[in-house]
Amino acid sequence: MESQKSTPMTDEEREKLAAKLDKELDDFIDGLEKRSYTEGWPEDRWQEEMEKHPFFMTKAPNPTDELSPLMEGIQQLKYDSTENTPEELAATYKEEGNFNFKCKKYRLAILSFTEGIKQKCKLQTLNAQLYNNRAAANYFLKNYRTSLADCLIALKLEPRYEKALVRAAQCCYYLGRFQSCLEYCDQVLEFDPNHTVIVKLRTDSVLKQKMAERDKRKEAILERKARMDEEKLLKAIQERNVRVLGSDNSVSSLKEIEATFPEAVQRPVHLVNGRLVWPVIFMYPEYQTSDFVQEFHEDTKFSDQLAEMFSELPEWDGDRKYTLDNIHVYFEDPDGCAHMVNIDNTLGQTISDKRYRVDGGTPSFIVLAKGTKAEERFLNLQ
């Protein structure tokens with residue numbers, strides 16, 4: 001069978017074929033489904049997307065942030081206990097804590113160091129570093145007691161750990177434990193006599209210790225004086241046979257006459273030149289009101305005190321009945337019986353009456369206009 005020889009294409013035929021192929025390709029492309037590309041990063045969020053990539057992020061993700069699949073995979077590989085020894089995990093958490101510490105995220109740093117401690121690795125030096133670093137994070141949060149506790153553990157693991165000694169000294173200073181601060185300072189200065197921070201801290205601690213001792217001496221003197229004043233006050237009250245409600249005997253302790261009336265709490269009974277000065281309440285049942293006398297001297301007569309009180313007519317006394325010459329003063333005994341007060345007597349004479357009882361650390365009296373229905377009703381109730 002004879003083979004047929006192909007006839008070479010002319011230039012014109014080639015051009016026609018090329019044009020035909022181009023048209024067919026264009027028709028094919030035009031027939032494809034139009035879809036937008038969604039797999040890439042949008043232009044307006046490319047920086048945000050870059051931050052999610054572990055190779056390009058500039059800051060550590062927050063615990064609540066949603067992690068990318070790549071980041072999750074890296075973390076699982078990094079923190080997987082089946083892929084890492086306790087020592088490797090402890091070191092990893094230490095690095096993570098140091099990173100957060102440098103970023104001033106002290107609480108996150110504490111969490112990282114704590115996780116490192118939980119690994120219970122066998123490297124004492126690494127454990128000491130974890131405790132010391134956690135102490136540093138707590139120190140910057142001003143948790144001085146917690147920080148000191150971690151320092152002590154770090155020093156138990158590494159007794160000559162300089163950073164832990166320095167931190168312990170600083171914590172003791174801010175906790176006011178100046179003697180302990182000096183002891184830690186001296187340990188540091190044994191192997192670093194020119195430690196600038198410790199030299200200054202020791203000087204400040206010596207000064208603070210002297211000031212604290214001085215303040216303690218002053219406080220002791222004031223406490224001793226206060227006790228003596230209380231003893232004098234109690235003795236004066238007992239000498240006057242003052243009794244309190246609920247007891248037939250004279251006052252046995254200052255607690256029995258502790259002021260309960262709000263205004264009297266600020267100025268309870270006290271001594272002035274050896275004489276008692278009391279807070280006193282005058283009640284006016286007719287008008288359901290009262291007067292509070294902050295300081296009523298035991299040697300002052302009721303007439304003098306009342307004259308001062310009624311030097312101006314009270315606003316509530318519309319009928320102008322309450323004048324010094326037109327009032328009676330009463331007190332009630334423990335049985336509820338009323339007794340008229342002789343206004344020419346002093347306060348001291350009145351409250352020393354064996355029928356009188358002080359209630360709530362504040363003597364009180366009832367004032368009524370003479371011959372009024374209010375006085376009549378009051379006396380009929382007795």
# chains A, B, ... in the order shown; residues from 1 in each chain; ligands from 1
call {"tool": "residues_around", "arguments": {"residues": "stretch 150-162 of chain A", "least_positions_apart": "4", "cutoff": "7 Å", "atoms": "only C-alpha atoms", "output": "PyMOL selection string"}}
result
chain A and resi 124-125+128+131-132+135+146+166-168+188
call {"tool": "select_by_dssp", "arguments": {"residues": "stretch 126-352 of chain A", "states": "helix (DSSP H, G or I)", "output": "VMD selection string"}}
result
chain A and resid 126 to 140 144 to 157 162 to 174 178 to 191 196 to 239 254 to 257 262 to 265 302 to 309 324 to 326 347 to 351
call {"tool": "residues_around", "arguments": {"residues": "stretch 365-381 of chain A", "least_positions_apart": "6", "cutoff": "12 Å", "atoms": "only C-alpha atoms", "output": "count of residues only"}}
result
48
call {"tool": "select_by_dssp", "arguments": {"residues": "stretch 125-360 of chain A", "states": "strand (DSSP E or B)", "output": "PyMOL selection string"}}
result
chain A and resi 243-244+250+270-272+275-284+289-297+301+327-332+338-340+346+358-359
call {"tool": "atom_distance", "arguments": {"atom1": "atom CA of A:Gly246", "atom2": "atom CA of A:Arg355"}}
result
11.9 Å
call {"tool": "closest_residue", "arguments": {"among": "A:Pro363, A:Ala236, A:Cys171, A:Lys163", "to": "A:Ala149", "atoms": "only C-alpha atoms"}}
result
A:Cys171
call {"tool": "residues_around", "arguments": {"residues": "A:Arg107", "least_positions_apart": "2", "cutoff": "12 Å", "atoms": "only C-alpha atoms", "output": "compact mmCIF listing (two decimals) with all heavy atoms, in the first residue's frame"}}
result
# COMPACT_ATOMS: atom_id res chain seq x y z
N ASN A 62 -4.07 36.35 72.41
CA ASN A 62 -4.72 36.29 73.72
C ASN A 62 -5.36 34.93 73.91
O ASN A 62 -5.71 34.26 72.93
CB ASN A 62 -5.78 37.40 73.84
CG ASN A 62 -5.17 38.77 73.87
OD1 ASN A 62 -4.14 38.99 74.50
ND2 ASN A 62 -5.80 39.71 73.17
N PRO A 63 -5.54 34.51 75.17
CA PRO A 63 -6.13 33.19 75.43
C PRO A 63 -7.50 33.00 74.80
O PRO A 63 -7.91 31.89 74.48
CB PRO A 63 -6.21 33.13 76.96
CG PRO A 63 -5.17 34.08 77.43
CD PRO A 63 -5.12 35.17 76.41
N GLY A 97 6.36 32.63 79.32
CA GLY A 97 6.19 33.58 80.43
C GLY A 97 7.11 34.77 80.30
O GLY A 97 6.70 35.92 80.55
N ASN A 98 8.36 34.53 79.91
CA ASN A 98 9.31 35.63 79.73
C ASN A 98 8.84 36.59 78.64
O ASN A 98 8.99 37.81 78.76
CB ASN A 98 10.69 35.08 79.39
CG ASN A 98 11.35 34.41 80.58
OD1 ASN A 98 10.92 34.58 81.72
ND2 ASN A 98 12.39 33.63 80.34
N ASN A 100 5.68 37.15 77.71
CA ASN A 100 4.57 37.93 78.25
C ASN A 100 5.05 38.97 79.25
O ASN A 100 4.52 40.08 79.32
CB ASN A 100 3.54 37.01 78.91
CG ASN A 100 2.72 36.23 77.90
OD1 ASN A 100 2.32 36.78 76.87
ND2 ASN A 100 2.46 34.96 78.17
N PHE A 101 6.07 38.59 80.03
CA PHE A 101 6.63 39.52 81.01
C PHE A 101 7.22 40.74 80.31
O PHE A 101 7.01 41.88 80.73
CB PHE A 101 7.69 38.81 81.85
CG PHE A 101 8.24 39.65 82.98
CD1 PHE A 101 7.65 39.63 84.23
CD2 PHE A 101 9.36 40.46 82.79
CE1 PHE A 101 8.15 40.39 85.27
CE2 PHE A 101 9.86 41.23 83.83
CZ PHE A 101 9.26 41.19 85.08
N LYS A 102 7.98 40.51 79.24
CA LYS A 102 8.58 41.62 78.50
C LYS A 102 7.52 42.52 77.88
O LYS A 102 7.73 43.72 77.72
CB LYS A 102 9.51 41.07 77.41
CG LYS A 102 10.79 40.46 77.95
CD LYS A 102 11.63 39.86 76.84
CE LYS A 102 12.89 39.19 77.40
NZ LYS A 102 13.69 38.54 76.33
N CYS A 103 6.38 41.91 77.55
CA CYS A 103 5.25 42.69 76.99
C CYS A 103 4.41 43.32 78.10
O CYS A 103 3.36 43.91 77.83
CB CYS A 103 4.37 41.79 76.13
SG CYS A 103 5.18 41.15 74.66
N LYS A 104 4.85 43.18 79.35
CA LYS A 104 4.17 43.73 80.53
C LYS A 104 2.79 43.11 80.75
O LYS A 104 1.93 43.71 81.39
CB LYS A 104 4.06 45.25 80.45
CG LYS A 104 5.42 45.94 80.45
CD LYS A 104 5.29 47.45 80.48
CE LYS A 104 6.66 48.11 80.50
NZ LYS A 104 6.58 49.58 80.54
N LYS A 105 2.61 41.90 80.23
CA LYS A 105 1.38 41.15 80.49
C LYS A 105 1.66 40.22 81.67
O LYS A 105 1.82 39.01 81.52
CB LYS A 105 0.95 40.37 79.26
CG LYS A 105 0.57 41.25 78.07
CD LYS A 105 0.10 40.43 76.89
CE LYS A 105 -0.33 41.32 75.73
NZ LYS A 105 -0.81 40.54 74.56
N ALA A 109 1.90 36.17 82.21
CA ALA A 109 3.21 35.61 82.55
C ALA A 109 3.09 34.68 83.75
O ALA A 109 3.68 33.59 83.78
CB ALA A 109 4.20 36.73 82.84
N ILE A 110 2.31 35.09 84.75
CA ILE A 110 2.11 34.26 85.94
C ILE A 110 1.49 32.92 85.56
O ILE A 110 1.89 31.86 86.05
CB ILE A 110 1.23 34.99 86.97
CG1 ILE A 110 2.02 36.17 87.58
CG2 ILE A 110 0.75 34.05 88.07
CD1 ILE A 110 1.18 37.10 88.42
N LEU A 111 0.50 32.95 84.64
CA LEU A 111 -0.14 31.71 84.19
C LEU A 111 0.87 30.79 83.51
O LEU A 111 0.88 29.57 83.73
CB LEU A 111 -1.28 32.03 83.23
CG LEU A 111 -2.51 32.73 83.83
CD1 LEU A 111 -3.50 33.09 82.73
CD2 LEU A 111 -3.17 31.86 84.88
N SER A 112 1.75 31.38 82.69
CA SER A 112 2.75 30.57 81.98
C SER A 112 3.74 29.94 82.95
O SER A 112 4.04 28.74 82.87
CB SER A 112 3.49 31.44 80.96
OG SER A 112 2.59 31.95 79.99
N PHE A 113 4.26 30.74 83.88
CA PHE A 113 5.23 30.21 84.85
C PHE A 113 4.59 29.15 85.74
O PHE A 113 5.24 28.16 86.10
CB PHE A 113 5.80 31.35 85.71
CG PHE A 113 6.60 32.36 84.92
CD1 PHE A 113 6.41 33.72 85.12
CD2 PHE A 113 7.55 31.95 83.99
CE1 PHE A 113 7.15 34.64 84.41
CE2 PHE A 113 8.29 32.88 83.27
CZ PHE A 113 8.09 34.22 83.47
N THR A 114 3.32 29.35 86.06
CA THR A 114 2.61 28.37 86.89
C THR A 114 2.49 27.03 86.15
O THR A 114 2.68 25.97 86.75
CB THR A 114 1.22 28.89 87.27
OG1 THR A 114 1.36 30.12 88.01
CG2 THR A 114 0.47 27.88 88.14
N ASN A 133 10.79 33.89 88.47
CA ASN A 133 10.15 34.70 87.44
C ASN A 133 8.69 34.99 87.79
O ASN A 133 8.19 36.09 87.53
CB ASN A 133 10.24 34.00 86.08
CG ASN A 133 11.67 33.95 85.57
OD1 ASN A 133 12.59 34.41 86.23
ND2 ASN A 133 11.86 33.39 84.39
N ARG A 134 8.04 34.00 88.38
CA ARG A 134 6.66 34.25 88.82
C ARG A 134 6.65 35.29 89.94
O ARG A 134 5.75 36.13 90.03
CB ARG A 134 5.99 32.95 89.28
CG ARG A 134 4.49 33.11 89.48
CD ARG A 134 3.80 31.79 89.70
NE ARG A 134 4.12 31.19 91.00
CZ ARG A 134 3.54 30.10 91.48
NH1 ARG A 134 2.63 29.46 90.74
NH2 ARG A 134 3.87 29.60 92.65
N ALA A 135 7.66 35.22 90.81
CA ALA A 135 7.78 36.22 91.88
C ALA A 135 7.94 37.61 91.29
O ALA A 135 7.36 38.58 91.78
CB ALA A 135 8.96 35.88 92.79
N ALA A 136 8.72 37.73 90.20
CA ALA A 136 8.93 39.02 89.56
C ALA A 136 7.63 39.56 89.00
O ALA A 136 7.32 40.76 89.14
CB ALA A 136 9.97 38.88 88.45
N ALA A 137 6.83 38.69 88.35
CA ALA A 137 5.55 39.14 87.79
C ALA A 137 4.61 39.61 88.90
O ALA A 137 3.96 40.65 88.77
CB ALA A 137 4.91 38.00 86.99
N ASN A 138 4.55 38.86 90.00
CA ASN A 138 3.71 39.28 91.12
C ASN A 138 4.21 40.57 91.76
O ASN A 138 3.42 41.39 92.23
CB ASN A 138 3.65 38.16 92.18
CG ASN A 138 2.53 37.18 91.91
OD1 ASN A 138 1.37 37.56 91.81
ND2 ASN A 138 2.87 35.91 91.78
N TYR A 139 5.52 40.74 91.78
CA TYR A 139 6.11 41.95 92.34
C TYR A 139 5.63 43.19 91.57
O TYR A 139 5.27 44.21 92.17
CB TYR A 139 7.63 41.85 92.30
CG TYR A 139 8.34 43.09 92.77
CD1 TYR A 139 8.54 43.32 94.14
CD2 TYR A 139 8.81 44.04 91.88
CE1 TYR A 139 9.19 44.46 94.58
CE2 TYR A 139 9.46 45.18 92.32
CZ TYR A 139 9.66 45.39 93.66
OH TYR A 139 10.29 46.53 94.10
N PHE A 140 5.62 43.10 90.24
CA PHE A 140 5.19 44.24 89.44
C PHE A 140 3.69 44.49 89.54
O PHE A 140 3.22 45.58 89.21
CB PHE A 140 5.61 44.05 87.98
CG PHE A 140 7.04 44.42 87.73
CD1 PHE A 140 8.03 43.44 87.76
CD2 PHE A 140 7.40 45.72 87.50
CE1 PHE A 140 9.36 43.77 87.56
CE2 PHE A 140 8.73 46.07 87.29
CZ PHE A 140 9.72 45.09 87.32
N LEU A 141 2.95 43.48 90.01
CA LEU A 141 1.52 43.67 90.30
C LEU A 141 1.30 44.10 91.75
O LEU A 141 0.16 44.21 92.20
CB LEU A 141 0.76 42.37 90.03
CG LEU A 141 0.66 41.94 88.56
CD1 LEU A 141 0.04 40.55 88.45
CD2 LEU A 141 -0.14 42.95 87.76
N LYS A 142 2.40 44.31 92.48
CA LYS A 142 2.38 44.72 93.89
C LYS A 142 1.78 43.66 94.81
O LYS A 142 1.27 43.98 95.89
CB LYS A 142 1.65 46.06 94.06
CG LYS A 142 2.33 47.20 93.32
CD LYS A 142 1.67 48.53 93.60
CE LYS A 142 2.39 49.66 92.86
NZ LYS A 142 1.76 50.98 93.12
N ASN A 143 1.85 42.41 94.36
CA ASN A 143 1.44 41.29 95.23
C ASN A 143 2.68 40.83 96.02
O ASN A 143 3.25 39.77 95.77
CB ASN A 143 0.89 40.13 94.39
CG ASN A 143 -0.34 40.52 93.60
OD1 ASN A 143 -1.11 41.38 94.04
ND2 ASN A 143 -0.54 39.92 92.45
call {"tool": "atom_distance", "arguments": {"atom1": "atom CA of A:Ala264", "atom2": "atom CA of A:Gly360"}}
result
9.4 Å
call {"tool": "decode", "arguments": {"residues": "stretch 234-253 of chain A", "atoms": "N, CA, C and O atoms", "output": "PDB file, in the first residue's frame"}}
result
ATOM      1  N   LEU A 234     -13.139  55.772 134.365  1.00  0.00           N
ATOM      2  CA  LEU A 234     -13.945  54.749 135.032  1.00  0.00           C
ATOM      3  C   LEU A 234     -13.989  54.997 136.534  1.00  0.00           C
ATOM      4  O   LEU A 234     -15.055  54.880 137.161  1.00  0.00           O
ATOM      5  N   LYS A 235     -12.848  55.350 137.097  1.00  0.00           N
ATOM      6  CA  LYS A 235     -12.796  55.620 138.549  1.00  0.00           C
ATOM      7  C   LYS A 235     -13.701  56.788 138.917  1.00  0.00           C
ATOM      8  O   LYS A 235     -14.425  56.740 139.924  1.00  0.00           O
ATOM      9  N   ALA A 236     -13.681  57.847 138.065  1.00  0.00           N
ATOM     10  CA  ALA A 236     -14.510  59.027 138.344  1.00  0.00           C
ATOM     11  C   ALA A 236     -15.994  58.665 138.295  1.00  0.00           C
ATOM     12  O   ALA A 236     -16.791  59.120 139.130  1.00  0.00           O
ATOM     13  N   ILE A 237     -16.391  57.848 137.324  1.00  0.00           N
ATOM     14  CA  ILE A 237     -17.789  57.448 137.186  1.00  0.00           C
ATOM     15  C   ILE A 237     -18.208  56.583 138.372  1.00  0.00           C
ATOM     16  O   ILE A 237     -19.311  56.738 138.916  1.00  0.00           O
ATOM     17  N   GLN A 238     -17.322  55.696 138.777  1.00  0.00           N
ATOM     18  CA  GLN A 238     -17.631  54.828 139.916  1.00  0.00           C
ATOM     19  C   GLN A 238     -17.743  55.621 141.211  1.00  0.00           C
ATOM     20  O   GLN A 238     -18.602  55.327 142.058  1.00  0.00           O
ATOM     21  N   GLU A 239     -16.893  56.613 141.380  1.00  0.00           N
ATOM     22  CA  GLU A 239     -16.934  57.439 142.595  1.00  0.00           C
ATOM     23  C   GLU A 239     -18.263  58.181 142.715  1.00  0.00           C
ATOM     24  O   GLU A 239     -18.711  58.490 143.819  1.00  0.00           O
ATOM     25  N   ARG A 240     -18.911  58.443 141.589  1.00  0.00           N
ATOM     26  CA  ARG A 240     -20.177  59.179 141.591  1.00  0.00           C
ATOM     27  C   ARG A 240     -21.386  58.240 141.635  1.00  0.00           C
ATOM     28  O   ARG A 240     -22.528  58.702 141.554  1.00  0.00           O
ATOM     29  N   ASN A 241     -21.108  56.937 141.731  1.00  0.00           N
ATOM     30  CA  ASN A 241     -22.177  55.932 141.831  1.00  0.00           C
ATOM     31  C   ASN A 241     -23.159  56.004 140.660  1.00  0.00           C
ATOM     32  O   ASN A 241     -24.380  55.833 140.824  1.00  0.00           O
ATOM     33  N   VAL A 242     -22.642  56.289 139.479  1.00  0.00           N
ATOM     34  CA  VAL A 242     -23.488  56.318 138.283  1.00  0.00           C
ATOM     35  C   VAL A 242     -23.863  54.884 137.924  1.00  0.00           C
ATOM     36  O   VAL A 242     -23.017  53.989 137.913  1.00  0.00           O
ATOM     37  N   ARG A 243     -25.141  54.680 137.606  1.00  0.00           N
ATOM     38  CA  ARG A 243     -25.639  53.346 137.246  1.00  0.00           C
ATOM     39  C   ARG A 243     -26.147  53.369 135.795  1.00  0.00           C
ATOM     40  O   ARG A 243     -26.571  54.414 135.299  1.00  0.00           O
ATOM     41  N   VAL A 244     -26.137  52.212 135.186  1.00  0.00           N
ATOM     42  CA  VAL A 244     -26.630  52.114 133.810  1.00  0.00           C
ATOM     43  C   VAL A 244     -27.908  51.288 133.788  1.00  0.00           C
ATOM     44  O   VAL A 244     -28.167  50.494 134.707  1.00  0.00           O
ATOM     45  N   LEU A 245     -28.698  51.456 132.738  1.00  0.00           N
ATOM     46  CA  LEU A 245     -29.951  50.733 132.611  1.00  0.00           C
ATOM     47  C   LEU A 245     -29.685  49.233 132.582  1.00  0.00           C
ATOM     48  O   LEU A 245     -28.810  48.761 131.859  1.00  0.00           O
ATOM     49  N   GLY A 246     -30.440  48.506 133.412  1.00  0.00           N
ATOM     50  CA  GLY A 246     -30.275  47.067 133.474  1.00  0.00           C
ATOM     51  C   GLY A 246     -29.393  46.608 134.605  1.00  0.00           C
ATOM     52  O   GLY A 246     -29.143  45.407 134.758  1.00  0.00           O
ATOM     53  N   SER A 247     -28.917  47.544 135.421  1.00  0.00           N
ATOM     54  CA  SER A 247     -28.054  47.177 136.550  1.00  0.00           C
ATOM     55  C   SER A 247     -28.343  48.075 137.738  1.00  0.00           C
ATOM     56  O   SER A 247     -28.602  49.269 137.588  1.00  0.00           O
ATOM     57  N   ASP A 248     -28.296  47.480 138.938  1.00  0.00           N
ATOM     58  CA  ASP A 248     -28.484  48.255 140.166  1.00  0.00           C
ATOM     59  C   ASP A 248     -27.162  48.668 140.775  1.00  0.00           C
ATOM     60  O   ASP A 248     -27.133  49.383 141.785  1.00  0.00           O
ATOM     61  N   ASN A 249     -26.075  48.196 140.187  1.00  0.00           N
ATOM     62  CA  ASN A 249     -24.752  48.526 140.709  1.00  0.00           C
ATOM     63  C   ASN A 249     -24.121  49.648 139.890  1.00  0.00           C
ATOM     64  O   ASN A 249     -24.543  49.946 138.769  1.00  0.00           O
ATOM     65  N   SER A 250     -23.102  50.254 140.451  1.00  0.00           N
ATOM     66  CA  SER A 250     -22.403  51.315 139.716  1.00  0.00           C
ATOM     67  C   SER A 250     -21.644  50.703 138.536  1.00  0.00           C
ATOM     68  O   SER A 250     -21.414  49.485 138.474  1.00  0.00           O
ATOM     69  N   VAL A 251     -21.251  51.547 137.612  1.00  0.00           N
ATOM     70  CA  VAL A 251     -20.587  51.110 136.387  1.00  0.00           C
ATOM     71  C   VAL A 251     -19.321  50.329 136.718  1.00  0.00           C
ATOM     72  O   VAL A 251     -18.506  50.759 137.537  1.00  0.00           O
ATOM     73  N   SER A 252     -19.154  49.158 136.083  1.00  0.00           N
ATOM     74  CA  SER A 252     -17.967  48.348 136.346  1.00  0.00           C
ATOM     75  C   SER A 252     -16.952  48.390 135.198  1.00  0.00           C
ATOM     76  O   SER A 252     -15.798  48.028 135.381  1.00  0.00           O
ATOM     77  N   SER A 253     -17.401  48.818 134.009  1.00  0.00           N
ATOM     78  CA  SER A 253     -16.474  48.950 132.876  1.00  0.00           C
ATOM     79  C   SER A 253     -16.978  50.034 131.931  1.00  0.00           C
ATOM     80  O   SER A 253     -18.184  50.322 131.879  1.00  0.00           O
TER      81      SER A 253
END
